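Encoded as structure tokens, the structure appears first; notes follow it.
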Amino acid sequence: MELPSVFAPFKRDPTFYPSPKMAMKSPPEDLAYVACLYTGTGINRPDFIAVVDVKPESETYSKVIHKVELSYVNDELHHFGWNACSSALCPNGRPNFERRFLVVPGLRSSRIYIVDTKLNPRQPNIVKTIEPEEVKKVTGYSRLHTVHCGTDGIYISAFGNENGEGPGGILMLDHYSFEPLGKWEIDRSDQYLAYDFWWNLPNEVMVTSEWAVPNTIENGLRLEHLKDRYGNRIHFWDLRRRKKVSSVTLGEENRMALELRPLHDPTKLMGFINMVVSLKDLSSSIWLWYYEDGKWNGEKVIEIPAEPSEGGLPEILKPFKAVPPLVTDIDLSLDDKFLYVSLWGIGEIRQYDVSNPFKPVLTGKVRLGGIFHRADHPSGHKLTGGPQMIEISRDGKRVYVTNSLYSTWDNQFYPEGLKGWMVKLNANPDGGLDVDKEFFVDFGEARSHQVRLRGGDASSDSYCYP
Amino acid sequence: MLPLTLIAILSLGIVEGLDPYKGLLFSYYFYSFRKVNESYIVPIISSITYYMIGIMIAVLFNISDNILTRGIMFSLLLVHVLIKLVIAKVLHYPSNMRPKILNVIQWSTLNSIIQMNFIILLTLSILSKLSLILLPIIVVIVRETTYCLSVKNNKILFKLTEYNFDYFYLMTVLLLAIVIILPLL
């Protein structure tokens with residue numbers, strides 16, 4: 001019998017694990033929730049969360065089995081996360097949480113949807129909507145992005161203020177009512193740009209990255225803005241005092257410091273971040289950030305050059321006669337062994353062995369779409385766009401990939417049209433990667449962005465024990 | 001009455017000692033961060049600081065055993081159960097997470113206040129002054145023993161996290177309430 005919601009659950013959510021090592025032994029995922037959007041496609045329909053069957057034994061395997069249609073149009077779904085995760089098992093956590101609600105912000109609208117997945121995981125439903133006006137009024141922020149479940153609330157990053165300018169930052173939601181609580185920062189110092197964030201909970205460190213303010217990005221990329229309107233720094237914060245303590249510039253020539261992937265092992269104070277483009281040669285790079293000798297450092301550990309090309313280039317790339325790799329997402333397996341890198345421009349997913357984080361070794365790569373490769377799926381499906389968002393299963397054996405970056409930028413880099421898809425890669429535990437021929441999800445005219453796996457994935461949970 | 005009182009104290013001590021969210025997870029946390037010696041001290045520190053305020057209040061007010069005080073404590077225990085049942089989720093202070101003994105002290109002291117733990121100690125002081133010492137001792141023994149076993153096999157601790165000990169705690173508080181009101185019936 002289900003206890004009334006006023007009471008806390010009697011048993012721990014079985015998807016919570018104290019350590020990433022234990023989480024790797026969890027059962028394989030059966031469902032994936034995928035953010036799908038019509039924003040920017042010219043189709044005037046609300047975005048939706050697609051429920052995809054990812055259980056190979058199922059009759060509906062590799063199919064969209066349900067769509068949670070949102071209440072408004074043009075929310076622009078992007079990233080989303082869980083209300084609670086393994087951080088509930090931190091020593092100062094609480095026993096009364098369960099991974100039940102998806103917290104789904106609209107990147108363009110700043111509206112937040114709360115989606116209940118418990119009553120029927122295959123057909124979740126919206127149980128609450130927090131309107132943009134309320135978010136802006138309480139927090140002063142807008143354009144909501146990353147969602148992480150902390151021990152004392154739900155944290156969401158925001159690109160800017162209500163006028164579309166900076167500073168961007170982080171806001172908090174109440175863990176139970178989902179009401180916005182306010183701005184997180186107390187002393188932000190010179191931090192102005194925002195994008196992603198994550199943390200190392202035991203060491204009370206938060207890390208934030210920089211893209212640009214909403215007014216710079218929302219109508220598309222303008223090359224003249226690259227010089228001084230895009231960020232190249234990461235910021236380190238005292239998580240308890242909510243104060244910025246240090247910043248590191250990741251190459252003066254680099255722009256767009258995006259996805260932060262701290263090591264899952266909380267005893268290690270380090271992580272990776274992708275720099276999307278270098279003004280010098282259009283290359284992308286991956287940097288390792290780490291704490292050593294009492295200070296934060298950044299070191300470039302991977303550089304991926306642009307590919308010279310003249311044919312089939314979109315207008316925005318024609319002056320360069322080259323295709324930049326555009327590393328727009330990275331993801332780290334739960335054992336901190338493999339880093340997956342998406343080259344949205346060239347059309348590749350790469351797997352690096354980062355057992356030694358200072359010296360990554362390329363162990364596998366596959367071609368999927370892209371401006372340069374234009375590779376089709378092995379099943380014969382045409383792949384428009386390029387591989388973008390990556391999500392890794394908890395056991396590290398499966399990697400899910402979708403293809404949309406950001407509506408207005410999709411239209412610039414793939415002007416011939418971008419139709420949403422999701423593919424699965426099989427990852428060899430000893431290194432190596434191949435595209436699963438049997439798995440292809442076609443979202444039609446809708447575009448697809450972040451994937452969240454039911455029960456958790458490699459980028460959803462924070463751990464307090466190694 | 002003595003056997004019932006002992007059963008109430010013992011069950012409360014065992015439940016509090018086994019509750020992973022009242023110190024055991026912190027021990028394992030210290031151990032994970034290679035602070036092995038501190039990890040064995042945490043069960044003692046967390047128990048003492050958690051009960052210290054309640055013990056001090058009980059000693060300071062030295063409540064006498066009569067119908068009125070028993071009636072008041074019985075009512076307070078019921079209110080305590082009700083509040084815990086309905087809003088346990090907000091009766092919690094997360095505190096600083098760095099694995100330091102000082103943070104454990106701060107965390108357990110503040111949570112002891114927020115969770116109104118002194119009500120239990122005040123009630124116990126009516127039943128027997130000795131129980132003010134007995135309860136923390138039982139908790140320390142249970143917690144320390146469980147932790148030592150968990151170090152050998154961390155599945156024990158993981159298994160304990162499967163259950164919301166708040167519910168076991170509420171049952172033991174109800175038992176205590178029965179013990180305090182029984183002589184008046």
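Quick note on naming: the chains in the structure tokens go A, B, ... in the order shown, residues restart at 1 in each chain, and ligands are numbered from 1 in order of appearance.
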Expected answer as a PyMOL selection string: strand (DSSP E) residues in range 13-177 of chain A: chain A and resi 31-37+46-53+64-73+81-82+101-105+112-116+125-130+141-149+154-161+169-173
DSSP alpha helix (DSSP H) residues within range 8-183 of chain B, listed as a ChimeraX atom specification: /B:8-18,24-32,36-61,67-87,101-114,118-127,131-152,155-160,165-181
Distance filter 12 Å, only C-alpha atoms, chain B against chain A, as a PyMOL selection string: chain B and resi 19-35+42+46+82-100+103-104+106-108+110-111+154-155+157-168
Save out the residues we just selected, C-alpha atoms, as a PDB file, in the first residue's frame.
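out-v2.pdb was written with the following content:
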```pdb
ATOM      1  CA  ASP B  19      20.004   4.750  12.750  1.00  0.00           C
ATOM      2  CA  PRO B  20      22.603   5.371  10.027  1.00  0.00           C
ATOM      3  CA  TYR B  21      21.631   9.023   9.733  1.00  0.00           C
ATOM      4  CA  LYS B  22      22.529   9.720  13.363  1.00  0.00           C
ATOM      5  CA  GLY B  23      26.243   9.080  13.160  1.00  0.00           C
ATOM      6  CA  LEU B  24      27.022   5.759  11.468  1.00  0.00           C
ATOM      7  CA  LEU B  25      27.205   7.296   8.012  1.00  0.00           C
ATOM      8  CA  PHE B  26      29.549   9.935   9.373  1.00  0.00           C
ATOM      9  CA  SER B  27      31.871   7.223  10.712  1.00  0.00           C
ATOM     10  CA  TYR B  28      31.957   5.519   7.337  1.00  0.00           C
ATOM     11  CA  TYR B  29      32.481   8.914   5.731  1.00  0.00           C
ATOM     12  CA  PHE B  30      35.570   9.590   7.844  1.00  0.00           C
ATOM     13  CA  TYR B  31      36.822   6.106   7.066  1.00  0.00           C
ATOM     14  CA  SER B  32      36.342   6.750   3.324  1.00  0.00           C
ATOM     15  CA  PHE B  33      38.474   9.847   3.625  1.00  0.00           C
ATOM     16  CA  ARG B  34      41.213   7.861   5.347  1.00  0.00           C
ATOM     17  CA  LYS B  35      40.525   9.353   8.765  1.00  0.00           C
ATOM     18  CA  VAL B  42      32.568   9.654  15.766  1.00  0.00           C
ATOM     19  CA  SER B  46      27.996  12.184  17.977  1.00  0.00           C
ATOM     20  CA  LEU B  82       3.003  13.812  15.542  1.00  0.00           C
ATOM     21  CA  ILE B  83       5.459  16.509  14.534  1.00  0.00           C
ATOM     22  CA  LYS B  84       8.093  13.950  13.616  1.00  0.00           C
ATOM     23  CA  LEU B  85       5.564  12.007  11.576  1.00  0.00           C
ATOM     24  CA  VAL B  86       4.306  14.942   9.577  1.00  0.00           C
ATOM     25  CA  ILE B  87       7.240  17.335   9.248  1.00  0.00           C
ATOM     26  CA  ALA B  88      10.296  15.190   9.934  1.00  0.00           C
ATOM     27  CA  LYS B  89      11.619  16.310   6.582  1.00  0.00           C
ATOM     28  CA  VAL B  90      12.179  19.851   7.773  1.00  0.00           C
ATOM     29  CA  LEU B  91      13.563  18.934  11.184  1.00  0.00           C
ATOM     30  CA  HIS B  92      17.052  18.628   9.842  1.00  0.00           C
ATOM     31  CA  TYR B  93      20.193  20.704   9.656  1.00  0.00           C
ATOM     32  CA  PRO B  94      22.698  19.542   7.018  1.00  0.00           C
ATOM     33  CA  SER B  95      25.713  21.474   8.381  1.00  0.00           C
ATOM     34  CA  ASN B  96      29.193  21.595   6.949  1.00  0.00           C
ATOM     35  CA  MET B  97      30.175  18.439   5.092  1.00  0.00           C
ATOM     36  CA  ARG B  98      33.939  18.494   5.423  1.00  0.00           C
ATOM     37  CA  PRO B  99      35.030  15.366   7.296  1.00  0.00           C
ATOM     38  CA  LYS B 100      36.065  17.083  10.517  1.00  0.00           C
ATOM     39  CA  ASN B 103      31.552  19.594  12.014  1.00  0.00           C
ATOM     40  CA  VAL B 104      30.114  16.408  13.524  1.00  0.00           C
ATOM     41  CA  GLN B 106      28.038  21.119  15.281  1.00  0.00           C
ATOM     42  CA  TRP B 107      25.797  18.871  13.212  1.00  0.00           C
ATOM     43  CA  SER B 108      24.676  16.622  16.064  1.00  0.00           C
ATOM     44  CA  LEU B 110      22.025  21.540  16.193  1.00  0.00           C
ATOM     45  CA  ASN B 111      19.994  18.527  15.080  1.00  0.00           C
ATOM     46  CA  ASN B 154      29.981  -2.431   4.432  1.00  0.00           C
ATOM     47  CA  LYS B 155      26.863  -4.255   3.264  1.00  0.00           C
ATOM     48  CA  LEU B 157      25.606  -0.278   6.788  1.00  0.00           C
ATOM     49  CA  PHE B 158      24.117  -0.240   3.298  1.00  0.00           C
ATOM     50  CA  LYS B 159      21.389  -2.609   4.518  1.00  0.00           C
ATOM     51  CA  LEU B 160      20.648  -0.305   7.441  1.00  0.00           C
ATOM     52  CA  THR B 161      20.162   2.631   5.075  1.00  0.00           C
ATOM     53  CA  GLU B 162      17.359   0.651   3.453  1.00  0.00           C
ATOM     54  CA  TYR B 163      15.000   1.625   6.235  1.00  0.00           C
ATOM     55  CA  ASN B 164      13.721   4.954   7.441  1.00  0.00           C
ATOM     56  CA  PHE B 165      14.588   4.657  11.119  1.00  0.00           C
ATOM     57  CA  ASP B 166      12.337   7.593  11.918  1.00  0.00           C
ATOM     58  CA  TYR B 167       9.449   5.123  11.982  1.00  0.00           C
ATOM     59  CA  PHE B 168      11.224   2.762  14.406  1.00  0.00           C
TER      60      PHE B 168
END
```
Just the residues within 6 Å of Gly364 in chain A, please, counting only C-alpha atoms, with nothing from its chain fewer than 3 positions along; format it as a tab-separated table (two decimals) with all heavy atoms, in the first residue's frame.
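Saved result, result_21.tsv, follows:
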```
chain	number	residue	atom	x	y	z
A	350	ARG	N	33.99	10.37	-29.32
A	350	ARG	CA	35.27	9.76	-28.97
A	350	ARG	C	35.26	9.25	-27.53
A	350	ARG	O	34.61	9.84	-26.68
A	350	ARG	CB	36.41	10.77	-29.13
A	350	ARG	CG	36.63	11.17	-30.57
A	350	ARG	CD	37.87	11.99	-30.70
A	350	ARG	NE	38.12	12.34	-32.10
A	350	ARG	CZ	39.20	12.96	-32.52
A	350	ARG	NH1	40.13	13.34	-31.65
A	350	ARG	NH2	39.36	13.24	-33.80
A	351	GLN	N	35.99	8.20	-27.33
A	351	GLN	CA	36.15	7.65	-25.99
A	351	GLN	C	37.63	7.74	-25.60
A	351	GLN	O	38.49	7.25	-26.33
A	351	GLN	CB	35.70	6.18	-25.99
A	351	GLN	CG	35.82	5.48	-24.66
A	351	GLN	CD	35.82	3.97	-24.82
A	351	GLN	OE1	36.63	3.42	-25.57
A	351	GLN	NE2	34.92	3.30	-24.13
A	432	GLY	N	37.02	0.91	-26.38
A	432	GLY	CA	36.42	0.57	-27.67
A	432	GLY	C	34.95	0.91	-27.67
A	432	GLY	O	34.29	0.87	-26.62
A	433	LEU	N	34.46	1.23	-28.86
A	433	LEU	CA	33.13	1.81	-28.96
A	433	LEU	C	32.53	1.41	-30.30
A	433	LEU	O	33.22	1.45	-31.32
A	433	LEU	CB	33.30	3.34	-28.90
A	433	LEU	CG	32.19	4.26	-28.51
A	433	LEU	CD1	31.65	3.89	-27.13
A	433	LEU	CD2	32.71	5.70	-28.49
```
Non-local contacts of Glu210 in chain A (8 Å; only C-alpha atoms; under 2 positions in same chain excluded) as an MDAnalysis selection string: chainID A and resid 193:196 208 212 230:234 256:258
Write a file of the selected residues as a PDB file, in the first residue's frame, keeping N, CA, C and O atoms.
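Dumped everything to selection.pdb:
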```
ATOM      1  N   LEU A 193      29.420  35.556 -16.156  1.00  0.00           N
ATOM      2  CA  LEU A 193      28.832  34.585 -17.084  1.00  0.00           C
ATOM      3  C   LEU A 193      28.576  33.261 -16.367  1.00  0.00           C
ATOM      4  O   LEU A 193      29.270  32.920 -15.406  1.00  0.00           O
ATOM      5  N   ALA A 194      27.591  32.534 -16.865  1.00  0.00           N
ATOM      6  CA  ALA A 194      27.263  31.259 -16.223  1.00  0.00           C
ATOM      7  C   ALA A 194      26.889  30.227 -17.274  1.00  0.00           C
ATOM      8  O   ALA A 194      26.500  30.569 -18.407  1.00  0.00           O
ATOM      9  N   TYR A 195      26.998  28.992 -16.911  1.00  0.00           N
ATOM     10  CA  TYR A 195      26.508  27.906 -17.760  1.00  0.00           C
ATOM     11  C   TYR A 195      26.230  26.685 -16.883  1.00  0.00           C
ATOM     12  O   TYR A 195      25.165  26.539 -16.336  1.00  0.00           O
ATOM     13  N   ASP A 196      27.238  25.833 -16.709  1.00  0.00           N
ATOM     14  CA  ASP A 196      27.060  24.583 -15.986  1.00  0.00           C
ATOM     15  C   ASP A 196      27.575  24.737 -14.552  1.00  0.00           C
ATOM     16  O   ASP A 196      28.290  25.699 -14.247  1.00  0.00           O
ATOM     17  N   THR A 208      31.682  26.288 -11.324  1.00  0.00           N
ATOM     18  CA  THR A 208      30.748  26.800 -12.329  1.00  0.00           C
ATOM     19  C   THR A 208      31.517  27.179 -13.593  1.00  0.00           C
ATOM     20  O   THR A 208      32.719  27.456 -13.541  1.00  0.00           O
ATOM     21  N   ALA A 212      27.634  32.365 -22.143  1.00  0.00           N
ATOM     22  CA  ALA A 212      27.432  33.796 -22.421  1.00  0.00           C
ATOM     23  C   ALA A 212      26.076  34.188 -21.858  1.00  0.00           C
ATOM     24  O   ALA A 212      25.304  33.330 -21.443  1.00  0.00           O
ATOM     25  N   TYR A 230      32.009  35.802 -24.952  1.00  0.00           N
ATOM     26  CA  TYR A 230      31.908  34.408 -24.509  1.00  0.00           C
ATOM     27  C   TYR A 230      32.979  34.119 -23.467  1.00  0.00           C
ATOM     28  O   TYR A 230      34.093  34.645 -23.550  1.00  0.00           O
ATOM     29  N   GLY A 231      32.633  33.274 -22.526  1.00  0.00           N
ATOM     30  CA  GLY A 231      33.520  33.029 -21.400  1.00  0.00           C
ATOM     31  C   GLY A 231      34.562  31.957 -21.651  1.00  0.00           C
ATOM     32  O   GLY A 231      34.410  31.120 -22.541  1.00  0.00           O
ATOM     33  N   ASN A 232      35.627  32.009 -20.852  1.00  0.00           N
ATOM     34  CA  ASN A 232      36.665  30.981 -20.916  1.00  0.00           C
ATOM     35  C   ASN A 232      37.217  30.668 -19.523  1.00  0.00           C
ATOM     36  O   ASN A 232      38.339  30.228 -19.387  1.00  0.00           O
ATOM     37  N   ARG A 233      36.391  30.893 -18.515  1.00  0.00           N
ATOM     38  CA  ARG A 233      36.880  30.660 -17.152  1.00  0.00           C
ATOM     39  C   ARG A 233      35.998  29.640 -16.428  1.00  0.00           C
ATOM     40  O   ARG A 233      34.835  29.441 -16.784  1.00  0.00           O
ATOM     41  N   ILE A 234      36.597  29.037 -15.422  1.00  0.00           N
ATOM     42  CA  ILE A 234      35.785  28.291 -14.461  1.00  0.00           C
ATOM     43  C   ILE A 234      36.000  28.920 -13.089  1.00  0.00           C
ATOM     44  O   ILE A 234      37.066  29.473 -12.803  1.00  0.00           O
ATOM     45  N   MET A 256      33.869  29.573 -24.652  1.00  0.00           N
ATOM     46  CA  MET A 256      32.770  28.685 -24.270  1.00  0.00           C
ATOM     47  C   MET A 256      33.259  27.519 -23.415  1.00  0.00           C
ATOM     48  O   MET A 256      33.563  26.437 -23.912  1.00  0.00           O
ATOM     49  N   ALA A 257      33.337  27.782 -22.133  1.00  0.00           N
ATOM     50  CA  ALA A 257      33.693  26.743 -21.160  1.00  0.00           C
ATOM     51  C   ALA A 257      32.386  26.101 -20.704  1.00  0.00           C
ATOM     52  O   ALA A 257      31.632  26.718 -19.958  1.00  0.00           O
ATOM     53  N   LEU A 258      32.124  24.911 -21.191  1.00  0.00           N
ATOM     54  CA  LEU A 258      30.773  24.374 -20.979  1.00  0.00           C
ATOM     55  C   LEU A 258      30.648  23.304 -19.889  1.00  0.00           C
ATOM     56  O   LEU A 258      30.522  23.611 -18.724  1.00  0.00           O
TER      57      LEU A 258
END
```
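Using only C-alpha atoms, the contacts of Leu453 in chain A at a cut-off of 8 Å, with sequence neighbours closer than 6 positions omitted, comprise Glu29, Asp30, Leu31, Ala32, Tyr33 and Ser393 of chain A.
Distance-wise, CA of Ile133 in chain B and CA of Ile45 in chain B end up 14.6 Å apart.
The neighbours of Leu174 in chain B here are the residues that come within 9 Å of it, using only C-alpha atoms and leaving out any residue fewer than 5 positions away in the same chain; they are B:Leu77, B:Leu78, B:Val81, B:Tyr169, B:Val179.
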Selected residues written out, N, CA, C and O atoms, as a compact mmCIF listing (two decimals), in the first residue's frame:
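Listing of again-v1.txt after writing:
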```txt
# COMPACT_ATOMS: atom_id res chain seq x y z
N LEU B 77 5.29 13.95 24.44
CA LEU B 77 5.77 12.83 23.61
C LEU B 77 4.83 12.60 22.42
O LEU B 77 5.29 12.34 21.30
N LEU B 78 3.54 12.71 22.67
CA LEU B 78 2.58 12.52 21.57
C LEU B 78 2.74 13.62 20.51
O LEU B 78 2.72 13.35 19.31
N VAL B 81 5.81 12.90 18.54
CA VAL B 81 5.56 11.85 17.53
C VAL B 81 4.83 12.45 16.33
O VAL B 81 5.20 12.22 15.17
N TYR B 169 11.93 4.83 15.41
CA TYR B 169 12.10 5.78 16.50
C TYR B 169 10.73 6.18 17.08
O TYR B 169 10.54 6.20 18.30
N VAL B 179 4.84 3.89 28.85
CA VAL B 179 5.49 3.64 30.14
C VAL B 179 5.25 4.79 31.11
O VAL B 179 5.02 4.56 32.30
```
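Distances from B:Ser11, B:Thr5, B:Ser47, B:Thr109 to Val140 in chain B were compared using only C-alpha atoms, and the smallest one belongs to B:Ser47.
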Exercise: range 435-452 of chain A partners within 6 Å, only C-alpha atoms, chain neighbours under 2 positions left out, as a count of residues only: 22
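Counting from CA of Lys300 in chain A, the distance to CA of Asn200 in chain A is 21.0 Å.
Interatomic distance, CA of Gly54 in chain B against CA of Leu121 in chain B: 5.3 Å.
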